[in-house]
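Have a look at data18.csv below; it lists CSV, C-alpha atoms and all ligand atoms.
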```csv
chain,number,residue,atom,x,y,z
A,23,MET,CA,-36.8,-45.5,-78.1
A,24,ASP,CA,-35.9,-44.7,-81.7
A,25,ASP,CA,-39.6,-44.5,-82.7
A,26,VAL,CA,-40.3,-41.8,-80.1
A,27,ARG,CA,-37.1,-39.9,-81.0
A,28,GLU,CA,-37.5,-40.0,-84.7
A,29,THR,CA,-41.2,-39.2,-84.9
A,30,SER,CA,-40.8,-36.4,-82.5
A,31,ALA,CA,-38.0,-34.9,-84.6
A,32,TRP,CA,-40.3,-35.1,-87.6
A,33,VAL,CA,-43.0,-33.1,-85.8
A,34,ALA,CA,-40.5,-30.5,-84.6
A,35,THR,CA,-39.3,-29.9,-88.2
A,36,HIS,CA,-42.9,-29.7,-89.6
A,37,SER,CA,-44.5,-27.8,-86.7
A,38,SER,CA,-46.9,-24.9,-87.1
A,39,HIS,CA,-47.6,-23.7,-83.6
A,40,VAL,CA,-44.5,-24.6,-81.5
A,41,LEU,CA,-40.9,-23.7,-82.3
A,42,VAL,CA,-37.8,-25.3,-80.6
A,43,ASP,CA,-35.4,-22.3,-80.2
A,44,SER,CA,-31.8,-23.4,-80.4
A,45,SER,CA,-30.6,-20.2,-78.8
A,46,GLY,CA,-32.9,-21.0,-75.8
A,47,ILE,CA,-31.3,-24.4,-75.6
A,48,GLU,CA,-27.8,-22.8,-75.7
A,49,LYS,CA,-28.6,-20.4,-72.9
A,50,VAL,CA,-29.9,-23.3,-70.6
A,51,VAL,CA,-26.8,-25.3,-71.3
A,52,GLU,CA,-24.5,-22.3,-70.6
A,53,ASN,CA,-26.3,-21.6,-67.4
A,54,ILE,CA,-26.0,-25.2,-66.0
A,55,GLN,CA,-22.3,-25.4,-67.1
A,56,GLY,CA,-22.4,-29.0,-68.0
A,57,SER,CA,-23.9,-30.4,-64.8
A,58,ILE,CA,-27.6,-30.5,-64.4
A,59,PRO,CA,-28.9,-30.2,-60.8
A,60,LYS,CA,-29.2,-33.7,-59.4
A,61,VAL,CA,-32.7,-34.6,-58.4
A,62,GLU,CA,-33.1,-37.8,-56.4
A,63,TRP,CA,-35.9,-40.2,-57.5
A,64,ASP,CA,-38.6,-39.9,-54.8
A,65,TYR,CA,-37.2,-36.7,-53.4
A,66,GLU,CA,-40.7,-36.1,-52.2
A,67,GLY,CA,-40.8,-39.4,-50.1
A,68,ILE,CA,-44.2,-40.4,-51.5
A,69,HIS,CA,-43.6,-43.8,-53.2
A,70,TYR,CA,-43.9,-47.3,-51.9
A,71,PHE,CA,-40.6,-49.2,-52.0
A,72,ASP,CA,-39.5,-52.5,-50.4
A,73,ASN,CA,-36.8,-53.5,-52.9
A,74,GLY,CA,-38.8,-56.5,-54.2
A,75,PRO,CA,-41.5,-57.6,-56.7
A,76,LEU,CA,-44.3,-55.8,-54.9
A,77,SER,CA,-42.6,-52.5,-55.6
A,78,VAL,CA,-42.6,-53.4,-59.3
A,79,GLN,CA,-46.4,-54.1,-59.1
A,80,TYR,CA,-46.9,-50.8,-57.3
A,81,LEU,CA,-45.0,-48.8,-60.0
A,82,PHE,CA,-46.9,-50.5,-62.8
A,83,VAL,CA,-50.2,-49.7,-61.2
A,84,LEU,CA,-49.0,-46.2,-60.4
A,85,ASP,CA,-48.0,-45.5,-64.0
A,86,ALA,CA,-51.2,-47.1,-65.4
A,87,LEU,CA,-53.0,-44.3,-63.6
A,88,ASN,CA,-50.3,-41.5,-64.0
A,89,PHE,CA,-52.3,-39.0,-66.0
A,90,CYS,CA,-54.6,-36.0,-66.1
A,91,PHE,CA,-54.8,-34.7,-62.5
A,92,TRP,CA,-55.5,-31.0,-63.4
A,93,PRO,CA,-59.3,-31.1,-63.9
A,94,ASP,CA,-59.5,-31.3,-60.1
A,95,LYS,CA,-57.5,-28.3,-58.9
A,96,ASP,CA,-56.7,-29.9,-55.6
A,97,LEU,CA,-55.5,-33.2,-57.0
A,98,ASN,CA,-51.9,-33.9,-58.2
A,99,TYR,CA,-49.5,-36.7,-58.8
A,100,ASP,CA,-48.4,-36.8,-55.1
A,101,HIS,CA,-51.9,-37.8,-54.1
A,102,LEU,CA,-51.8,-40.8,-56.5
A,103,ALA,CA,-48.3,-42.0,-55.5
A,104,SER,CA,-48.9,-41.6,-51.7
A,105,GLY,CA,-52.5,-42.9,-51.9
A,106,LEU,CA,-51.5,-46.1,-53.6
A,107,LYS,CA,-48.6,-46.5,-51.2
A,108,ALA,CA,-50.9,-46.2,-48.2
A,109,ALA,CA,-53.3,-48.7,-49.8
A,110,LEU,CA,-50.5,-51.2,-50.3
A,111,GLN,CA,-49.1,-50.8,-46.8
A,112,ASN,CA,-52.6,-51.4,-45.5
A,113,ASP,CA,-53.3,-54.5,-47.6
A,114,LYS,CA,-50.4,-56.2,-49.4
A,115,SER,CA,-52.8,-57.9,-51.8
A,116,ALA,CA,-54.5,-54.7,-53.0
A,117,PHE,CA,-52.7,-54.9,-56.3
A,118,ASP,CA,-53.0,-58.6,-57.0
A,119,ALA,CA,-54.1,-59.2,-60.6
A,120,ASP,CA,-57.5,-60.6,-59.6
A,121,ARG,CA,-58.2,-57.6,-57.3
A,122,LEU,CA,-57.2,-55.1,-60.0
A,123,GLN,CA,-59.8,-56.5,-62.4
A,124,LYS,CA,-62.6,-55.8,-59.9
A,125,TYR,CA,-62.2,-52.3,-58.6
A,126,THR,CA,-65.1,-49.9,-59.2
A,127,GLY,CA,-64.8,-46.1,-59.4
A,128,PRO,CA,-66.0,-45.5,-55.8
A,129,GLU,CA,-63.6,-48.3,-54.6
A,130,LEU,CA,-60.6,-46.6,-56.3
A,131,ARG,CA,-61.6,-43.3,-54.8
A,132,GLU,CA,-61.8,-44.9,-51.4
A,133,LEU,CA,-58.4,-46.6,-51.9
A,134,LEU,CA,-56.9,-43.2,-52.6
A,135,LYS,CA,-58.9,-41.5,-49.9
A,136,TRP,CA,-60.1,-39.0,-52.4
A,137,PRO,CA,-63.5,-37.5,-51.4
A,138,ARG,CA,-65.0,-37.1,-54.8
A,139,PRO,CA,-64.9,-38.6,-58.3
A,140,LEU,CA,-61.4,-38.7,-59.8
A,141,PRO,CA,-60.9,-37.0,-63.2
A,142,LEU,CA,-61.5,-39.6,-66.0
A,143,GLU,CA,-62.5,-42.1,-63.3
A,144,ASP,CA,-64.1,-44.5,-65.6
A,145,GLU,CA,-61.0,-44.7,-67.8
A,146,ARG,CA,-58.8,-45.1,-64.7
A,147,VAL,CA,-60.9,-48.1,-63.6
A,148,ARG,CA,-60.9,-49.5,-67.1
A,149,LEU,CA,-57.1,-49.3,-67.3
A,150,LEU,CA,-56.7,-50.9,-63.9
A,151,HIS,CA,-58.9,-53.8,-65.1
A,152,GLU,CA,-56.8,-54.1,-68.3
A,153,VAL,CA,-53.6,-54.2,-66.2
A,154,GLY,CA,-55.0,-57.0,-64.0
A,155,PHE,CA,-56.3,-58.9,-66.9
A,156,GLU,CA,-53.2,-58.8,-69.1
A,157,LEU,CA,-50.9,-59.4,-66.2
A,158,GLU,CA,-52.9,-62.5,-65.3
A,159,ARG,CA,-53.1,-63.7,-68.9
A,160,ASN,CA,-49.5,-63.3,-69.9
A,161,PHE,CA,-47.3,-62.7,-66.9
A,162,GLY,CA,-48.6,-64.9,-64.1
A,163,GLY,CA,-50.3,-61.9,-62.6
A,164,LYS,CA,-47.0,-60.2,-61.7
A,165,ALA,CA,-45.4,-57.0,-63.2
A,166,SER,CA,-42.1,-58.3,-62.0
A,167,ASN,CA,-42.3,-61.2,-64.5
A,168,LEU,CA,-43.0,-58.7,-67.3
A,169,VAL,CA,-39.8,-56.8,-66.3
A,170,GLU,CA,-37.8,-60.0,-65.9
A,171,SER,CA,-38.7,-61.1,-69.4
A,172,CYS,CA,-37.0,-58.1,-71.0
A,173,GLY,CA,-33.4,-59.1,-70.4
A,174,LYS,CA,-32.5,-55.7,-68.8
A,175,SER,CA,-33.5,-53.8,-71.9
A,176,ALA,CA,-35.4,-50.6,-71.4
A,177,ALA,CA,-36.4,-50.5,-75.1
A,178,LYS,CA,-37.7,-54.1,-74.9
A,179,LEU,CA,-39.7,-53.3,-71.8
A,180,VAL,CA,-41.4,-50.3,-73.5
A,181,ALA,CA,-42.1,-52.4,-76.5
A,182,LEU,CA,-43.6,-55.2,-74.4
A,183,VAL,CA,-45.7,-52.9,-72.3
A,184,THR,CA,-47.1,-51.1,-75.3
A,185,ARG,CA,-47.7,-54.4,-77.1
A,186,HIS,CA,-49.7,-56.0,-74.3
A,187,PHE,CA,-51.4,-53.1,-72.6
A,188,ALA,CA,-53.4,-51.0,-75.1
A,189,GLY,CA,-53.8,-48.2,-72.6
A,190,PHE,CA,-50.0,-47.5,-72.7
A,191,ARG,CA,-50.0,-47.1,-76.5
A,192,ASP,CA,-49.6,-43.4,-76.4
A,193,HIS,CA,-49.4,-42.3,-80.1
A,194,SER,CA,-51.1,-39.9,-82.5
A,195,VAL,CA,-51.4,-39.2,-86.2
A,196,TYR,CA,-49.9,-35.8,-87.0
A,197,LYS,CA,-50.1,-34.4,-90.6
A,198,GLY,CA,-50.7,-37.9,-91.8
A,199,HIS,CA,-47.7,-39.4,-89.8
A,200,GLN,CA,-47.9,-41.7,-86.9
A,201,VAL,CA,-46.1,-40.2,-83.9
A,202,PHE,CA,-45.1,-42.2,-80.8
A,203,LEU,CA,-44.7,-40.6,-77.4
A,204,TYR,CA,-45.1,-43.5,-75.0
A,205,LYS,CA,-45.0,-41.4,-71.9
A,206,ARG,CA,-46.4,-43.8,-69.3
A,207,ALA,CA,-44.5,-46.8,-70.7
A,208,GLN,CA,-41.2,-45.0,-70.6
A,209,ILE,CA,-41.8,-43.4,-67.2
A,210,PHE,CA,-42.5,-46.9,-65.8
A,211,VAL,CA,-39.0,-47.9,-67.0
A,212,ALA,CA,-37.5,-44.7,-65.5
A,213,ASP,CA,-39.4,-45.3,-62.2
A,214,LEU,CA,-37.9,-48.8,-61.9
A,215,TRP,CA,-34.5,-47.5,-62.7
A,216,GLY,CA,-34.9,-44.7,-60.2
A,217,ALA,CA,-36.5,-46.7,-57.4
A,218,PHE,CA,-34.1,-49.7,-57.6
A,219,LYS,CA,-31.1,-47.3,-58.3
A,220,GLY,CA,-30.2,-49.1,-61.5
A,221,GLN,CA,-29.9,-52.5,-59.8
A,222,GLY,CA,-32.1,-55.6,-59.8
A,223,TYR,CA,-35.5,-54.8,-61.4
A,224,GLY,CA,-34.1,-51.4,-62.2
A,225,GLU,CA,-31.0,-52.5,-64.2
A,226,PHE,CA,-31.2,-51.5,-67.9
A,227,TYR,CA,-28.1,-51.5,-70.1
A,228,ASP,CA,-29.9,-49.2,-72.5
A,229,ILE,CA,-31.4,-46.7,-70.1
A,230,GLY,CA,-30.0,-44.0,-72.4
A,231,SER,CA,-32.5,-44.9,-75.1
A,232,ILE,CA,-35.4,-43.5,-73.1
A,233,THR,CA,-36.6,-40.0,-74.0
A,234,MET,CA,-38.2,-37.4,-71.7
A,235,PHE,CA,-41.8,-38.0,-70.7
A,236,ALA,CA,-44.1,-35.8,-72.6
A,237,ASP,CA,-46.5,-34.6,-70.0
A,238,TYR,CA,-48.1,-31.2,-69.3
A,239,VAL,CA,-45.5,-29.9,-66.8
A,240,VAL,CA,-42.2,-30.1,-68.8
A,241,PRO,CA,-43.4,-28.3,-71.9
A,242,ALA,CA,-44.5,-25.4,-69.7
A,243,VAL,CA,-41.0,-25.4,-68.0
A,244,LEU,CA,-39.3,-25.4,-71.4
A,245,GLU,CA,-41.4,-22.5,-72.6
A,246,GLN,CA,-40.5,-20.5,-69.5
A,247,LEU,CA,-36.8,-21.3,-70.1
A,248,GLY,CA,-37.2,-19.9,-73.7
A,249,VAL,CA,-36.6,-23.3,-75.3
A,250,LEU,CA,-40.1,-23.6,-76.7
A,251,LYS,CA,-41.8,-20.6,-78.4
A,252,TYR,CA,-45.6,-20.7,-79.0
A,253,SER,CA,-47.6,-19.1,-81.7
A,254,SER,CA,-49.7,-16.2,-80.3
A,255,ARG,CA,-52.9,-18.2,-80.8
A,256,LEU,CA,-51.5,-21.2,-78.8
A,257,ALA,CA,-50.0,-18.9,-76.1
A,258,ASN,CA,-53.5,-17.4,-75.7
A,259,ILE,CA,-55.2,-20.7,-75.4
A,260,ILE,CA,-52.9,-21.8,-72.7
A,261,GLU,CA,-53.0,-18.5,-70.8
A,262,THR,CA,-56.8,-18.5,-70.8
A,263,ASN,CA,-56.9,-22.2,-69.6
A,264,ASN,CA,-58.8,-23.3,-72.7
A,265,GLU,CA,-58.7,-27.0,-73.4
A,266,ILE,CA,-56.7,-28.3,-76.3
A,267,SER,CA,-58.0,-31.6,-77.8
A,268,SER,CA,-56.1,-34.7,-77.6
A,269,GLY,CA,-54.5,-35.5,-80.9
A,270,SER,CA,-54.8,-32.0,-82.2
A,271,GLU,CA,-51.8,-30.5,-84.1
A,272,GLU,CA,-51.1,-28.1,-81.2
A,273,GLU,CA,-51.2,-30.9,-78.6
A,274,VAL,CA,-48.9,-33.2,-80.5
A,275,GLU,CA,-46.5,-30.3,-81.2
A,276,LEU,CA,-46.3,-29.4,-77.5
A,277,ARG,CA,-45.4,-32.9,-76.6
A,278,ALA,CA,-43.2,-33.9,-79.5
A,279,CYS,CA,-41.2,-30.6,-79.5
A,280,SER,CA,-40.5,-31.2,-75.8
A,281,VAL,CA,-39.0,-34.6,-76.6
A,282,TYR,CA,-37.0,-33.1,-79.4
A,283,ALA,CA,-35.8,-30.1,-77.4
A,284,VAL,CA,-34.6,-32.4,-74.5
A,285,GLU,CA,-32.7,-34.6,-77.0
A,286,LYS,CA,-31.0,-31.4,-78.4
A,287,MET,CA,-30.2,-30.2,-74.9
A,288,LYS,CA,-28.6,-33.5,-74.1
A,289,GLU,CA,-26.5,-33.4,-77.4
A,290,LEU,CA,-25.3,-29.9,-76.7
A,291,ILE,CA,-24.3,-30.7,-73.1
A,292,ARG,CA,-22.2,-33.6,-74.6
A,293,ILE,CA,-20.6,-31.3,-77.2
A,294,LYS,CA,-19.9,-28.4,-74.7
A,295,SER,CA,-18.8,-30.4,-71.7
A,296,GLY,CA,-18.1,-33.9,-72.9
A,297,LYS,CA,-20.6,-35.2,-70.3
A,298,GLN,CA,-23.2,-37.8,-71.2
A,299,VAL,CA,-26.3,-37.0,-69.3
A,300,LEU,CA,-29.5,-39.0,-69.7
A,301,SER,CA,-32.9,-37.7,-70.9
A,302,VAL,CA,-34.3,-39.3,-67.8
A,303,GLU,CA,-32.1,-37.1,-65.6
A,304,LEU,CA,-32.9,-34.0,-67.6
A,305,ASP,CA,-36.6,-34.8,-67.4
A,306,LEU,CA,-36.6,-35.2,-63.6
A,307,TRP,CA,-34.8,-32.0,-63.1
A,308,LEU,CA,-37.2,-30.0,-65.4
A,309,TRP,CA,-40.3,-31.7,-63.9
A,310,SER,CA,-39.2,-31.0,-60.4
A,311,VAL,CA,-38.7,-27.3,-61.3
A,312,GLY,CA,-42.1,-27.2,-62.8
A,313,VAL,CA,-44.0,-28.8,-59.9
A,314,GLN,CA,-42.3,-26.4,-57.5
A,315,CYS,CA,-43.7,-23.5,-59.4
A,316,PRO,CA,-47.5,-23.5,-58.9
A,317,ALA,CA,-48.0,-20.4,-60.9
A,318,LEU,CA,-46.7,-22.1,-64.0
A,319,GLN,CA,-49.5,-22.4,-66.6
A,320,HIS,CA,-49.7,-25.6,-68.5
A,321,HIS,CA,-51.8,-26.8,-71.5
A,322,ARG,CA,-55.0,-28.6,-70.7
A,323,THR,CA,-55.9,-31.8,-72.6
A,324,LEU,CA,-58.2,-34.5,-71.4
A,325,SER,CA,-56.0,-37.6,-72.1
A,326,ILE,CA,-55.3,-41.0,-70.6
A,327,TYR,CA,-51.7,-40.8,-71.8
A,328,TYR,CA,-50.3,-38.1,-69.5
A,401,LIG,N1,-42.1,-35.6,-67.4
A,401,LIG,C1,-42.5,-36.0,-66.2
A,401,LIG,N2,-43.8,-36.0,-65.9
A,401,LIG,C2,-44.2,-36.5,-64.7
A,401,LIG,C3,-43.3,-37.1,-63.8
A,401,LIG,C4,-44.0,-37.5,-62.7
A,401,LIG,C5,-43.6,-38.1,-61.4
A,401,LIG,N3,-42.4,-38.8,-61.5
A,401,LIG,C6,-41.8,-39.2,-60.2
A,401,LIG,C7,-40.7,-40.0,-60.4
A,401,LIG,C8,-39.7,-39.7,-59.5
A,401,LIG,C9,-40.0,-38.5,-58.8
A,401,LIG,O1,-39.7,-38.5,-57.5
A,401,LIG,C10,-41.4,-38.2,-59.3
A,401,LIG,O2,-42.3,-38.2,-58.2
A,401,LIG,C11,-45.4,-37.2,-62.9
A,401,LIG,N4,-45.4,-36.6,-64.2
A,401,LIG,C12,-46.6,-36.0,-64.8
A,401,LIG,O3,-46.7,-34.7,-64.3
A,401,LIG,C13,-48.1,-34.3,-64.4
A,401,LIG,C14,-48.7,-34.1,-63.0
A,401,LIG,O4,-48.5,-32.9,-62.6
A,401,LIG,P1,-49.3,-32.3,-61.3
A,401,LIG,O5,-50.8,-32.3,-61.8
A,401,LIG,O6,-48.7,-30.9,-61.1
A,401,LIG,O7,-49.0,-33.3,-60.2
A,401,LIG,C15,-48.8,-35.5,-65.0
A,401,LIG,O8,-48.9,-35.4,-66.4
A,401,LIG,C16,-47.9,-36.7,-64.6
A,401,LIG,O9,-48.1,-37.8,-65.5
A,401,LIG,C17,-41.9,-37.1,-64.1
A,401,LIG,O10,-41.0,-37.5,-63.4
A,401,LIG,N5,-41.6,-36.5,-65.3
```

Go ahead and express the file in the form of C-alpha cells.
Ligand SMILES: Nc1nc2c(c(CN[C@H]3C=C[C@H](O)[C@@H]3O)cn2[C@@H]2O[C@H](COP(=O)(O)O)[C@@H](O)[C@H]2O)c(=O)[nH]1
Amino acid sequence: MDDVRETSAWVATHSSHVLVDSSGIEKVVENIQGSIPKVEWDYEGIHYFDNGPLSVQYLFVLDALNFCFWPDKDLNYDHLASGLKAALQNDKSAFDADRLQKYTGPELRELLKWPRPLPLEDERVRLLHEVGFELERNFGGKASNLVESCGKSAAKLVALVTRHFAGFRDHSVYKGHQVFLYKRAQIFVADLWGAFKGQGYGEFYDIGSITMFADYVVPAVLEQLGVLKYSSRLANIIETNNEISSGSEEEVELRACSVYAVEKMKELIRIKSGKQVLSVELDLWLWSVGVQCPALQHHRTLSIYY
C-alpha cells in the first residue's frame, strides 16, 4: 500500500506531537535478535473458520465492525469475533447480503449477545447495511467474489474494498495533505491471509505491501517500547483518558507514526539480520503484546475506522 506508506512517512517527518525515535527502534531490533516472536493468527481461538467462502463473508463482516470497543469498558474485540462466530454457527444465513441490509441496533446486540447498546451502534448498523447492499449490487452478495476478483493481489483488494465500501475509506487531511491509513481494509486482507494460511482465499503474492494496522493498541505498545515519544501535552491527554478528536493532528500523528515506525523496524531487521519480516507479522506480535497488558493506556478517539 504505497499510499499508506508514503503519506504516513510524510506525517512522521512533519509531526508536532509524536516523534519516532530511531534509537528506540534500534533497541527493539537488538532485543529480538532478528526473529520476532511468532504469533499464530487466531491464537485466541475466537474466529469462525470452515476453509470456504462463508469464512470470507464472516471476516468481511467482522472487519466492517472492527472498531471502537473502548467506550464500553467490558467490551473488546474478542466479544465481536466470538459473537459473530456463534451467530454464524447458529444460522448459516445470518450474513447473507439481504439479511445484512436489514439488521437493527437491537438485533445486532442480540446477535452478539451484548446486553446493552454497542458503542457507535447506529454507525455499526449503517456499515452492515452498506456491506450487504454493495456486496449484493457488485459481487453477487458474496465477499468471496470480491476477493476472487483481485487476482491474488493484496493491494488490489484494498483498492477495491475502499472504492466500493465508503465505510472502509479510512483517511484524513493532515496539515493540508491527504493521509491514507486504511486500517480495516488492510486488516481484512491480513485476516484472510492468516485464516487461510496464505492459501486459497488467503493467497496474496504481494502480502508484503500491507502496512501495520493503525489502531489504538499498537501505538500504545510502541510508546511503551520507547519507539514513539509524545509531547507532554499529548502524554497528559492520554494518561487522563481525555478524548482526542478524529482527524485531529494528534490523532493522525499517533496512527501515521505507528505505520512509519513499523516500516522502519522492518527495514532495520532486514539490514541487521538479512531477514525479511512482514509488517503483518510485526503488527500481530505488537498487538498481542498490547492486549495482554490490560494496564496499557491507549488514546481514545470515537472513530469508525479503528
Ligand atoms: N493493529 C491491530 N489491531 C487490531 C488487531 C485486531 C485483531 N486481529 C486478529 C487477527 C488475528 C488475531 O488472532 C487477532 O484476533 C483487532 N485490532 C484492533 O484492536 C483494538 C481493540 O482492542 P481491544 O478494545 O483491547 O479489544 C481495535 O482498534 C481493533 O480494531 C490486530 O491484529 N492488529

Val239 in chain A surroundings by all atoms listed in the file, 7 Å radius, close-in-sequence under 5 positions cut, as an mmCIF file with C-alpha atoms, in the frame of the given file:
```
data_model
loop_
_atom_site.group_PDB
_atom_site.id
_atom_site.type_symbol
_atom_site.label_atom_id
_atom_site.label_comp_id
_atom_site.auth_asym_id
_atom_site.auth_seq_id
_atom_site.Cartn_x
_atom_site.Cartn_y
_atom_site.Cartn_z
ATOM 1 C CA TRP A 309 -40.300 -31.700 -63.900
ATOM 2 C CA GLY A 312 -42.100 -27.200 -62.800
ATOM 3 C CA HIS A 320 -49.700 -25.600 -68.500
#
```

Given all atoms listed in the file, how would the per-residue table for chain A near ligand LIG 401 (chain A) read, listing every residue at most 7 Å away with its closest atom pair and distance in Å to one decimal, sorted by chain and number, as a Markdown table?
```
| residue | atom | partner | partner_atom | distance |
| --- | --- | --- | --- | --- |
| A:Glu62 | CA | A:LIG401 | O1 | 6.7 |
| A:Trp63 | CA | A:LIG401 | O1 | 4.2 |
| A:Asp64 | CA | A:LIG401 | O1 | 3.2 |
| A:Tyr65 | CA | A:LIG401 | O1 | 5.1 |
| A:Glu66 | CA | A:LIG401 | O1 | 5.9 |
| A:Asn88 | CA | A:LIG401 | O9 | 4.6 |
| A:Phe89 | CA | A:LIG401 | O9 | 4.4 |
| A:Cys90 | CA | A:LIG401 | O8 | 5.7 |
| A:Phe91 | CA | A:LIG401 | O5 | 4.7 |
| A:Trp92 | CA | A:LIG401 | O5 | 5.1 |
| A:Leu97 | CA | A:LIG401 | O5 | 6.8 |
| A:Asn98 | CA | A:LIG401 | O7 | 3.6 |
| A:Tyr99 | CA | A:LIG401 | O7 | 3.7 |
| A:Asp100 | CA | A:LIG401 | O7 | 6.2 |
| A:Asp213 | CA | A:LIG401 | C7 | 5.7 |
| A:Gly216 | CA | A:LIG401 | C8 | 7.0 |
| A:Met234 | CA | A:LIG401 | N1 | 6.1 |
| A:Phe235 | CA | A:LIG401 | N1 | 4.1 |
| A:Ala236 | CA | A:LIG401 | N1 | 5.6 |
| A:Asp237 | CA | A:LIG401 | O8 | 4.4 |
| A:Tyr238 | CA | A:LIG401 | O8 | 5.2 |
| A:Val239 | CA | A:LIG401 | O3 | 5.5 |
| A:Val240 | CA | A:LIG401 | N1 | 5.7 |
| A:Asp305 | CA | A:LIG401 | N1 | 5.6 |
| A:Leu306 | CA | A:LIG401 | O10 | 5.0 |
| A:Trp309 | CA | A:LIG401 | N5 | 5.2 |
| A:Val313 | CA | A:LIG401 | O6 | 5.3 |
| A:Tyr328 | CA | A:LIG401 | O8 | 4.3 |
```

- Can you list, as an MDAnalysis selection string, every protein, DNA or RNA residue that comes within 12 Å of Val243 in chain A when you count only C-alpha atoms, leaving out same-chain residues fewer than 5 positions away? chainID A and resid 50 236:238 248:251 276 280 283:284 304:321

- Task: To one decimal in Å, tell me the separation between CA of Ser270 in chain A and CA of Leu150 in chain A.
- Result: 26.4 Å

- From the set A:Lys107, A:Lys60, A:Lys164, A:His199, which residue has the shortest atom-to-atom contact distance to Leu134 in chain A, counting only C-alpha atoms?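 When distances to Leu134 in chain A are compared using only C-alpha atoms, the smallest one comes from A:Lys107.
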
- Message: Between A:Tyr223, A:Ser30, A:Gly56, A:Asn263, which residue has the minimum interatomic distance to Met287 in chain A, considering all atoms listed in the file?
- Response: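 Ranked by minimum distance to Met287 in chain A, first place goes to A:Gly56.
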
- Using all atoms listed in the file, find the one residue out of A:Val40, A:Leu290, A:Ala108, A:Leu84 that sits nearest to Gln55 in chain A.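 For Gln55 in chain A, the nearest of the given residues is A:Leu290.
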
- Task: Skip Leu182 in chain A itself and residues of its chain fewer than 2 positions away, then list as a VMD selection string all residues within 10 Å of it, counting all atoms listed in the file.
- Result: chain A and resid 168 to 169 171 to 172 176 to 180 184 to 187 207

- Proximity to Phe202 in chain A - best of A:Lys286, A:Lys219, A:Arg277, A:Lys294, all atoms listed in the file: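 Of A:Lys286, A:Lys219, A:Arg277, A:Lys294, the one nearest Phe202 in chain A, counting all atoms listed in the file, is A:Arg277.
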
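With all atoms listed in the file as the basis for measurement, A:Glu145 is the residue among A:Glu303, A:Glu225, A:Glu145, A:Asp25 that approaches Ile326 in chain A most closely.
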
- Query: Quick one, how far is CA of His193 in chain A from CA of Ala181 in chain A?
  - Reply: 13.0 Å

- Note on the structure: Counting only C-alpha atoms, closest pick from A:Ala34, A:Val299, A:Ile259, A:Leu324 relative to Val51 in chain A is A:Val299

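We find CA of Phe218 in chain A and CA of His69 in chain A to be spaced 12.0 Å apart.
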
- Query: Near Asp144 in chain A, counting all atoms listed in the file, which residues have an atom at most 7 Å away, once you skip same-chain residues fewer than 3 positions from it, shown as JSON, numbers by chain?
  - Reply: {"A": [127, 147, 148]}

- Message: List as a ChimeraX atom specification the protein and nucleic acid residues near Gly222 in chain A, meaning an atom at most 12 Å away when only C-alpha atoms are counted, but skip any in the same chain fewer than 6 places from it.
- Response: /A:73-75,77-78,166,169-170,173-174,214-216

Can I get the selected residues back with C-alpha atoms, as a compact mmCIF listing (two decimals), keeping the file's coordinate frame?
```
# COMPACT_ATOMS: atom_id res chain seq x y z
CA ASN A 73 -36.80 -53.50 -52.90
CA GLY A 74 -38.80 -56.50 -54.20
CA PRO A 75 -41.50 -57.60 -56.70
CA SER A 77 -42.60 -52.50 -55.60
CA VAL A 78 -42.60 -53.40 -59.30
CA SER A 166 -42.10 -58.30 -62.00
CA VAL A 169 -39.80 -56.80 -66.30
CA GLU A 170 -37.80 -60.00 -65.90
CA GLY A 173 -33.40 -59.10 -70.40
CA LYS A 174 -32.50 -55.70 -68.80
CA LEU A 214 -37.90 -48.80 -61.90
CA TRP A 215 -34.50 -47.50 -62.70
CA GLY A 216 -34.90 -44.70 -60.20
```

Complete range 185-196 of chain A with N, CA and C atoms (output as a CSV table (one decimal), in the coordinates of the input).
```csv
chain,number,residue,atom,x,y,z
A,185,ARG,N,-47.1,-53.4,-76.4
A,185,ARG,CA,-47.7,-54.4,-77.1
A,185,ARG,C,-48.9,-55.1,-76.4
A,186,HIS,N,-48.7,-55.3,-75.1
A,186,HIS,CA,-49.7,-56.0,-74.3
A,186,HIS,C,-50.8,-55.2,-73.7
A,187,PHE,N,-50.5,-53.9,-73.4
A,187,PHE,CA,-51.4,-53.1,-72.6
A,187,PHE,C,-51.8,-51.9,-73.5
A,188,ALA,N,-53.0,-52.0,-74.1
A,188,ALA,CA,-53.4,-51.0,-75.1
A,188,ALA,C,-53.4,-49.6,-74.5
A,189,GLY,N,-53.7,-49.5,-73.2
A,189,GLY,CA,-53.8,-48.2,-72.6
A,189,GLY,C,-52.5,-47.4,-72.6
A,190,PHE,N,-51.4,-48.1,-72.7
A,190,PHE,CA,-50.0,-47.5,-72.7
A,190,PHE,C,-49.6,-47.1,-74.1
A,191,ARG,N,-50.5,-47.4,-75.1
A,191,ARG,CA,-50.0,-47.1,-76.5
A,191,ARG,C,-50.3,-45.7,-76.9
A,192,ASP,N,-49.4,-44.8,-76.3
A,192,ASP,CA,-49.6,-43.4,-76.4
A,192,ASP,C,-49.0,-42.9,-77.8
A,193,HIS,N,-49.9,-42.7,-78.7
A,193,HIS,CA,-49.4,-42.3,-80.1
A,193,HIS,C,-50.5,-41.4,-80.7
A,194,SER,N,-50.2,-40.7,-81.8
A,194,SER,CA,-51.1,-39.9,-82.5
A,194,SER,C,-50.8,-39.9,-84.0
A,195,VAL,N,-51.8,-39.4,-84.8
A,195,VAL,CA,-51.4,-39.2,-86.2
A,195,VAL,C,-51.4,-37.7,-86.4
A,196,TYR,N,-50.2,-37.3,-86.9
A,196,TYR,CA,-49.9,-35.8,-87.0
A,196,TYR,C,-49.6,-35.6,-88.5
```
